[in-house]
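What follows is the content of model_9.pdb, which has PDB, C-alpha atoms:
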ATOM      1  CA  MET C   1      63.819  -6.184  23.782  1.00  0.00           C
ATOM      2  CA  ASN C   2      61.205  -8.820  23.025  1.00  0.00           C
ATOM      3  CA  VAL C   3      59.922  -8.586  26.607  1.00  0.00           C
ATOM      4  CA  HIS C   4      59.251  -4.831  26.196  1.00  0.00           C
ATOM      5  CA  LEU C   5      57.562  -5.393  22.831  1.00  0.00           C
ATOM      6  CA  THR C   6      55.342  -8.120  24.265  1.00  0.00           C
ATOM      7  CA  ARG C   7      54.468  -5.955  27.288  1.00  0.00           C
ATOM      8  CA  ASN C   8      53.562  -3.026  25.022  1.00  0.00           C
ATOM      9  CA  ARG C   9      51.317  -5.232  22.857  1.00  0.00           C
ATOM     10  CA  ALA C  10      49.643  -6.658  25.967  1.00  0.00           C
ATOM     11  CA  ALA C  11      49.069  -3.161  27.363  1.00  0.00           C
ATOM     12  CA  LEU C  12      47.549  -2.022  24.049  1.00  0.00           C
ATOM     13  CA  ALA C  13      45.293  -5.081  23.905  1.00  0.00           C
ATOM     14  CA  ILE C  14      44.048  -4.499  27.469  1.00  0.00           C
ATOM     15  CA  ALA C  15      43.436  -0.799  26.759  1.00  0.00           C
ATOM     16  CA  GLY C  16      41.449  -1.729  23.641  1.00  0.00           C
ATOM     17  CA  LEU C  17      39.324  -4.203  25.602  1.00  0.00           C
ATOM     18  CA  LEU C  18      38.627  -1.642  28.315  1.00  0.00           C
ATOM     19  CA  LEU C  19      37.526   0.913  25.721  1.00  0.00           C
ATOM     20  CA  ALA C  20      35.296  -1.612  23.974  1.00  0.00           C
ATOM     21  CA  VAL C  21      33.583  -2.567  27.229  1.00  0.00           C
ATOM     22  CA  ALA C  22      33.344   0.922  28.725  1.00  0.00           C
ATOM     23  CA  ALA C  23      32.242   2.880  25.620  1.00  0.00           C
ATOM     24  CA  PRO C  24      28.644   1.561  25.442  1.00  0.00           C
ATOM     25  CA  THR C  25      28.164   2.320  29.148  1.00  0.00           C
ATOM     26  CA  ALA C  26      29.499   5.851  28.726  1.00  0.00           C
ATOM     27  CA  TYR C  27      27.287   6.582  25.713  1.00  0.00           C
ATOM     28  CA  ALA C  28      24.202   5.073  27.357  1.00  0.00           C
ATOM     29  CA  GLY C  29      24.273   7.897  29.876  1.00  0.00           C
ATOM     30  CA  LEU C  30      23.877  10.445  27.050  1.00  0.00           C
ATOM     31  CA  ASP C  31      20.376   9.195  26.163  1.00  0.00           C
ATOM     32  CA  THR C  32      18.278  11.437  28.376  1.00  0.00           C
ATOM     33  CA  ASP C  33      14.925  11.188  26.535  1.00  0.00           C
ATOM     34  CA  SER C  34      13.447   7.822  27.477  1.00  0.00           C
ATOM     35  CA  SER C  35       9.833   8.721  26.634  1.00  0.00           C
ATOM     36  CA  PRO C  36       8.231   6.661  23.852  1.00  0.00           C
ATOM     37  CA  ALA C  37       7.510   8.268  20.500  1.00  0.00           C
ATOM     38  CA  PRO C  38       3.994   9.702  20.290  1.00  0.00           C
ATOM     39  CA  THR C  39       1.421   7.451  18.654  1.00  0.00           C
ATOM     40  CA  ARG C  40      -0.488   9.330  16.009  1.00  0.00           C
ATOM     41  CA  GLY C  41      -3.348   8.384  13.784  1.00  0.00           C
ATOM     42  CA  LYS C  42      -5.623   5.396  13.677  1.00  0.00           C
ATOM     43  CA  PRO C  43      -4.871   1.788  12.708  1.00  0.00           C
ATOM     44  CA  TYR C  44      -4.801   1.393   8.937  1.00  0.00           C
ATOM     45  CA  VAL C  45      -3.675  -1.139   6.366  1.00  0.00           C
ATOM     46  CA  GLU C  46      -1.357   0.014   3.587  1.00  0.00           C
ATOM     47  CA  THR C  47      -1.552  -2.007   0.391  1.00  0.00           C
ATOM     48  CA  GLN C  48       0.960  -1.543  -2.395  1.00  0.00           C
ATOM     49  CA  LEU C  49       0.119  -2.970  -5.817  1.00  0.00           C
ATOM     50  CA  PHE C  50       2.738  -3.303  -8.557  1.00  0.00           C
ATOM     51  CA  PHE C  51       1.509  -3.181 -12.156  1.00  0.00           C
ATOM     52  CA  GLY C  52       3.813  -4.073 -15.032  1.00  0.00           C
ATOM     53  CA  THR C  53       3.309  -2.465 -18.417  1.00  0.00           C
ATOM     54  CA  GLU C  54       4.949  -4.862 -20.895  1.00  0.00           C
ATOM     55  CA  ARG C  55       2.610  -7.339 -22.542  1.00  0.00           C
ATOM     56  CA  PRO C  56       3.669 -10.979 -22.662  1.00  0.00           C
ATOM     57  CA  ASP C  57       2.294 -11.344 -26.201  1.00  0.00           C
ATOM     58  CA  GLY C  58       4.634  -8.626 -27.442  1.00  0.00           C
ATOM     59  CA  GLY C  59       1.856  -6.071 -27.901  1.00  0.00           C
ATOM     60  CA  PRO C  60       2.309  -2.401 -27.110  1.00  0.00           C
ATOM     61  CA  ALA C  61       3.078  -1.504 -23.513  1.00  0.00           C
ATOM     62  CA  VAL C  62       0.341  -0.085 -21.306  1.00  0.00           C
ATOM     63  CA  THR C  63       0.410   3.720 -21.635  1.00  0.00           C
ATOM     64  CA  ASP C  64      -0.026   6.325 -18.891  1.00  0.00           C
ATOM     65  CA  GLY C  65      -3.436   7.171 -20.315  1.00  0.00           C
ATOM     66  CA  GLN C  66      -4.553   3.543 -20.313  1.00  0.00           C
ATOM     67  CA  PHE C  67      -3.336   3.004 -16.769  1.00  0.00           C
ATOM     68  CA  MET C  68      -4.999   6.140 -15.396  1.00  0.00           C
ATOM     69  CA  ALA C  69      -8.249   5.208 -17.191  1.00  0.00           C
ATOM     70  CA  PHE C  70      -7.987   1.779 -15.527  1.00  0.00           C
ATOM     71  CA  VAL C  71      -7.517   3.439 -12.113  1.00  0.00           C
ATOM     72  CA  ASP C  72     -10.499   5.735 -12.739  1.00  0.00           C
ATOM     73  CA  LYS C  73     -12.742   2.828 -13.726  1.00  0.00           C
ATOM     74  CA  GLU C  74     -11.552  -0.048 -11.514  1.00  0.00           C
ATOM     75  CA  VAL C  75      -9.967   1.500  -8.395  1.00  0.00           C
ATOM     76  CA  THR C  76     -11.446   4.912  -7.651  1.00  0.00           C
ATOM     77  CA  PRO C  77     -15.084   3.704  -7.280  1.00  0.00           C
ATOM     78  CA  ASP C  78     -14.047   1.276  -4.506  1.00  0.00           C
ATOM     79  CA  PHE C  79     -11.443   3.581  -2.903  1.00  0.00           C
ATOM     80  CA  PRO C  80     -12.854   7.103  -3.343  1.00  0.00           C
ATOM     81  CA  ASP C  81     -11.137   8.468  -0.200  1.00  0.00           C
ATOM     82  CA  GLY C  82      -7.780   8.600  -1.965  1.00  0.00           C
ATOM     83  CA  LEU C  83      -4.842   6.724  -3.412  1.00  0.00           C
ATOM     84  CA  THR C  84      -1.339   7.349  -4.713  1.00  0.00           C
ATOM     85  CA  VAL C  85       0.150   6.290  -8.053  1.00  0.00           C
ATOM     86  CA  GLN C  86       3.909   6.337  -8.576  1.00  0.00           C
ATOM     87  CA  ASN C  87       5.926   5.560 -11.683  1.00  0.00           C
ATOM     88  CA  GLY C  88       8.614   2.939 -11.386  1.00  0.00           C
ATOM     89  CA  ARG C  89      11.027   0.604 -13.110  1.00  0.00           C
ATOM     90  CA  GLY C  90      10.947  -2.987 -12.056  1.00  0.00           C
ATOM     91  CA  GLN C  91      11.947  -6.501 -12.880  1.00  0.00           C
ATOM     92  CA  TRP C  92      10.728  -9.965 -12.055  1.00  0.00           C
ATOM     93  CA  ARG C  93      11.129 -13.548 -13.206  1.00  0.00           C
ATOM     94  CA  ASP C  94       8.195 -14.647 -15.364  1.00  0.00           C
ATOM     95  CA  ALA C  95       6.587 -18.098 -15.473  1.00  0.00           C
ATOM     96  CA  HIS C  96       9.143 -19.205 -18.100  1.00  0.00           C
ATOM     97  CA  GLY C  97      12.124 -18.170 -15.965  1.00  0.00           C
ATOM     98  CA  LYS C  98      12.943 -15.075 -18.027  1.00  0.00           C
ATOM     99  CA  ILE C  99      13.899 -11.852 -16.205  1.00  0.00           C
ATOM    100  CA  GLU C 100      11.508  -9.153 -17.393  1.00  0.00           C
ATOM    101  CA  LYS C 101      12.512  -5.501 -16.990  1.00  0.00           C
ATOM    102  CA  GLU C 102       9.781  -2.974 -17.514  1.00  0.00           C
ATOM    103  CA  ARG C 103       8.231   0.351 -16.700  1.00  0.00           C
ATOM    104  CA  SER C 104       5.700  -0.093 -13.913  1.00  0.00           C
ATOM    105  CA  TYR C 105       3.239   1.630 -11.622  1.00  0.00           C
ATOM    106  CA  GLU C 106       2.936   1.384  -7.870  1.00  0.00           C
ATOM    107  CA  LEU C 107      -0.548   2.012  -6.497  1.00  0.00           C
ATOM    108  CA  ILE C 108      -0.752   2.725  -2.760  1.00  0.00           C
ATOM    109  CA  LEU C 109      -4.017   2.371  -0.857  1.00  0.00           C
ATOM    110  CA  LEU C 110      -4.651   3.185   2.809  1.00  0.00           C
ATOM    111  CA  TYR C 111      -7.834   1.968   4.499  1.00  0.00           C
ATOM    112  CA  PRO C 112      -8.970   1.469   8.090  1.00  0.00           C
ATOM    113  CA  VAL C 113      -8.217  -1.914   9.653  1.00  0.00           C
ATOM    114  CA  ALA C 114     -11.962  -2.298  10.252  1.00  0.00           C
ATOM    115  CA  ALA C 115     -12.485  -2.243   6.457  1.00  0.00           C
ATOM    116  CA  ALA C 116      -9.744  -4.789   5.689  1.00  0.00           C
ATOM    117  CA  GLY C 117     -12.075  -7.679   4.838  1.00  0.00           C
ATOM    118  CA  ALA C 118     -14.138  -5.759   2.291  1.00  0.00           C
ATOM    119  CA  SER C 119     -11.057  -3.978   0.936  1.00  0.00           C
ATOM    120  CA  ASP C 120      -9.241  -7.288   0.411  1.00  0.00           C
ATOM    121  CA  ARG C 121     -12.017  -8.538  -1.876  1.00  0.00           C
ATOM    122  CA  LYS C 122     -12.029  -5.277  -3.843  1.00  0.00           C
ATOM    123  CA  ILE C 123      -8.230  -5.287  -4.224  1.00  0.00           C
ATOM    124  CA  GLU C 124      -8.260  -8.838  -5.534  1.00  0.00           C
ATOM    125  CA  GLU C 125     -10.898  -7.783  -8.094  1.00  0.00           C
ATOM    126  CA  VAL C 126      -8.615  -4.923  -9.202  1.00  0.00           C
ATOM    127  CA  ARG C 127      -5.661  -7.291  -9.594  1.00  0.00           C
ATOM    128  CA  ARG C 128      -7.667  -9.786 -11.665  1.00  0.00           C
ATOM    129  CA  ALA C 129      -9.159  -7.023 -13.830  1.00  0.00           C
ATOM    130  CA  TYR C 130      -5.705  -5.651 -14.713  1.00  0.00           C
ATOM    131  CA  GLU C 131      -4.290  -9.099 -15.432  1.00  0.00           C
ATOM    132  CA  LYS C 132      -7.206  -9.825 -17.756  1.00  0.00           C
ATOM    133  CA  ALA C 133      -7.300  -6.412 -19.474  1.00  0.00           C
ATOM    134  CA  TYR C 134      -3.559  -6.291 -20.220  1.00  0.00           C
ATOM    135  CA  GLY C 135      -2.599  -9.977 -20.404  1.00  0.00           C
ATOM    136  CA  GLN C 136      -0.414  -9.836 -17.279  1.00  0.00           C
ATOM    137  CA  GLU C 137       0.780 -12.925 -15.393  1.00  0.00           C
ATOM    138  CA  ALA C 138       0.457 -11.167 -12.040  1.00  0.00           C
ATOM    139  CA  VAL C 139      -0.001  -7.916 -10.171  1.00  0.00           C
ATOM    140  CA  GLY C 140       2.267  -7.821  -7.115  1.00  0.00           C
ATOM    141  CA  ARG C 141       0.764  -7.048  -3.726  1.00  0.00           C
ATOM    142  CA  VAL C 142       2.263  -6.066  -0.349  1.00  0.00           C
ATOM    143  CA  ASP C 143       0.143  -5.396   2.763  1.00  0.00           C
ATOM    144  CA  ASP C 144       1.366  -3.789   5.963  1.00  0.00           C
ATOM    145  CA  ARG C 145      -0.299  -2.502   9.130  1.00  0.00           C
ATOM    146  CA  THR C 146       0.405   1.133   9.858  1.00  0.00           C
ATOM    147  CA  ARG C 147      -1.093   4.196  11.504  1.00  0.00           C
ATOM    148  CA  ALA C 148      -2.463   7.115   9.519  1.00  0.00           C
ATOM    149  CA  ASP C 149      -3.782  10.542  10.317  1.00  0.00           C
ATOM    150  CA  PHE C 150      -5.505  12.809   7.799  1.00  0.00           C
TER     151      PHE C 150
END

Represent the supplied structure as structure tokens.
Amino acid sequence: MNVHLTRNRAALAIAGLLLAVAAPTAYAGLDTDSSPAPTRGKPYVETQLFFGTERPDGGPAVTDGQFMAFVDKEVTPDFPDGLTVQNGRGQWRDAHGKIEKERSYELILLYPVAAAGASDRKIEEVRRAYEKAYGQEAVGRVDDRTRADF
């Protein structure tokens, strides 16, 4: 009886191995479209800036009106071709090690790769202006190369 049980387990194990090895080969034959995805648009840089709204000194949080006035004054003149503002909720560890949770804004800018040097300087000016105006420790920044078409 043990011999039959051992043989059955061995047969099941071999069948499982054969399926594991053969399945990827079988499914690979189903992929009939091997053409690359079309490349659209021109090379751009996407910059995301993250603006907190709570003030470290305990003052009132930055309002929607204040933030949009800041964008109108500090961002739009240097990036008149367009931008996106999204509301968010975020958290980060401040300079004292405390986890801060706050309402935030994400500002998204797209600009041609050829304009990256000049745009970098302008973006850093925006970050410093917000930090100074609202007593912020930092404005987060993420840059990524992408393609865009308008």

Residues in the PyMOL selection byres ((chain C and resi 44) around 7), expressed as a list in words: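 Applied to this file, the PyMOL selection byres ((chain C and resi 44) around 7) returns Lys42, Pro43, Val45, Glu46, Leu110, Tyr111, Pro112, Val113, Arg145, Thr146, Arg147 and Ala148 of chain C.
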
Could you write out that same residue set with C-alpha atoms as a compact mmCIF listing (two decimals), in the coordinates of the input?
# COMPACT_ATOMS: atom_id res chain seq x y z
CA LYS C 42 -5.62 5.40 13.68
CA PRO C 43 -4.87 1.79 12.71
CA VAL C 45 -3.68 -1.14 6.37
CA GLU C 46 -1.36 0.01 3.59
CA LEU C 110 -4.65 3.18 2.81
CA TYR C 111 -7.83 1.97 4.50
CA PRO C 112 -8.97 1.47 8.09
CA VAL C 113 -8.22 -1.91 9.65
CA ARG C 145 -0.30 -2.50 9.13
CA THR C 146 0.40 1.13 9.86
CA ARG C 147 -1.09 4.20 11.50
CA ALA C 148 -2.46 7.12 9.52

Using the chain letters and numbers from the file, give me the residues hit by the PyMOL selection byres ((chain C and resi 50-56) around 12), as a compact mmCIF listing (two decimals) with C-alpha atoms, keeping the file's coordinate frame.
# COMPACT_ATOMS: atom_id res chain seq x y z
CA THR C 47 -1.55 -2.01 0.39
CA GLN C 48 0.96 -1.54 -2.40
CA LEU C 49 0.12 -2.97 -5.82
CA ASP C 57 2.29 -11.34 -26.20
CA GLY C 58 4.63 -8.63 -27.44
CA GLY C 59 1.86 -6.07 -27.90
CA PRO C 60 2.31 -2.40 -27.11
CA ALA C 61 3.08 -1.50 -23.51
CA VAL C 62 0.34 -0.08 -21.31
CA THR C 63 0.41 3.72 -21.64
CA ASP C 64 -0.03 6.32 -18.89
CA GLY C 65 -3.44 7.17 -20.32
CA GLN C 66 -4.55 3.54 -20.31
CA PHE C 67 -3.34 3.00 -16.77
CA MET C 68 -5.00 6.14 -15.40
CA PHE C 70 -7.99 1.78 -15.53
CA VAL C 71 -7.52 3.44 -12.11
CA VAL C 85 0.15 6.29 -8.05
CA GLN C 86 3.91 6.34 -8.58
CA ASN C 87 5.93 5.56 -11.68
CA GLY C 88 8.61 2.94 -11.39
CA ARG C 89 11.03 0.60 -13.11
CA GLY C 90 10.95 -2.99 -12.06
CA GLN C 91 11.95 -6.50 -12.88
CA TRP C 92 10.73 -9.96 -12.06
CA ASP C 94 8.20 -14.65 -15.36
CA ALA C 95 6.59 -18.10 -15.47
CA HIS C 96 9.14 -19.20 -18.10
CA LYS C 98 12.94 -15.08 -18.03
CA GLU C 100 11.51 -9.15 -17.39
CA LYS C 101 12.51 -5.50 -16.99
CA GLU C 102 9.78 -2.97 -17.51
CA ARG C 103 8.23 0.35 -16.70
CA SER C 104 5.70 -0.09 -13.91
CA TYR C 105 3.24 1.63 -11.62
CA GLU C 106 2.94 1.38 -7.87
CA LEU C 107 -0.55 2.01 -6.50
CA ILE C 108 -0.75 2.72 -2.76
CA LEU C 109 -4.02 2.37 -0.86
CA ILE C 123 -8.23 -5.29 -4.22
CA VAL C 126 -8.62 -4.92 -9.20
CA ARG C 127 -5.66 -7.29 -9.59
CA ARG C 128 -7.67 -9.79 -11.66
CA ALA C 129 -9.16 -7.02 -13.83
CA TYR C 130 -5.70 -5.65 -14.71
CA GLU C 131 -4.29 -9.10 -15.43
CA LYS C 132 -7.21 -9.82 -17.76
CA ALA C 133 -7.30 -6.41 -19.47
CA TYR C 134 -3.56 -6.29 -20.22
CA GLY C 135 -2.60 -9.98 -20.40
CA GLN C 136 -0.41 -9.84 -17.28
CA GLU C 137 0.78 -12.92 -15.39
CA ALA C 138 0.46 -11.17 -12.04
CA VAL C 139 0.00 -7.92 -10.17
CA GLY C 140 2.27 -7.82 -7.12
CA ARG C 141 0.76 -7.05 -3.73
CA VAL C 142 2.26 -6.07 -0.35
CA ASP C 143 0.14 -5.40 2.76

CA of Lys122 (chain C) to CA of Phe150 (chain C), distance in Å rounded to a single decimal: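 Interatomic distance here is 22.5 Å.
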
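You will find CA of Ala114 (chain C) at 28.7 Å from CA of Ala69 (chain C).
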
CA of Thr39 (chain C) to CA of Thr84 (chain C), distance in Å rounded to a single decimal: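 Computing the Euclidean distance for CA of Thr39 (chain C) and CA of Thr84 (chain C) yields 23.5 Å.
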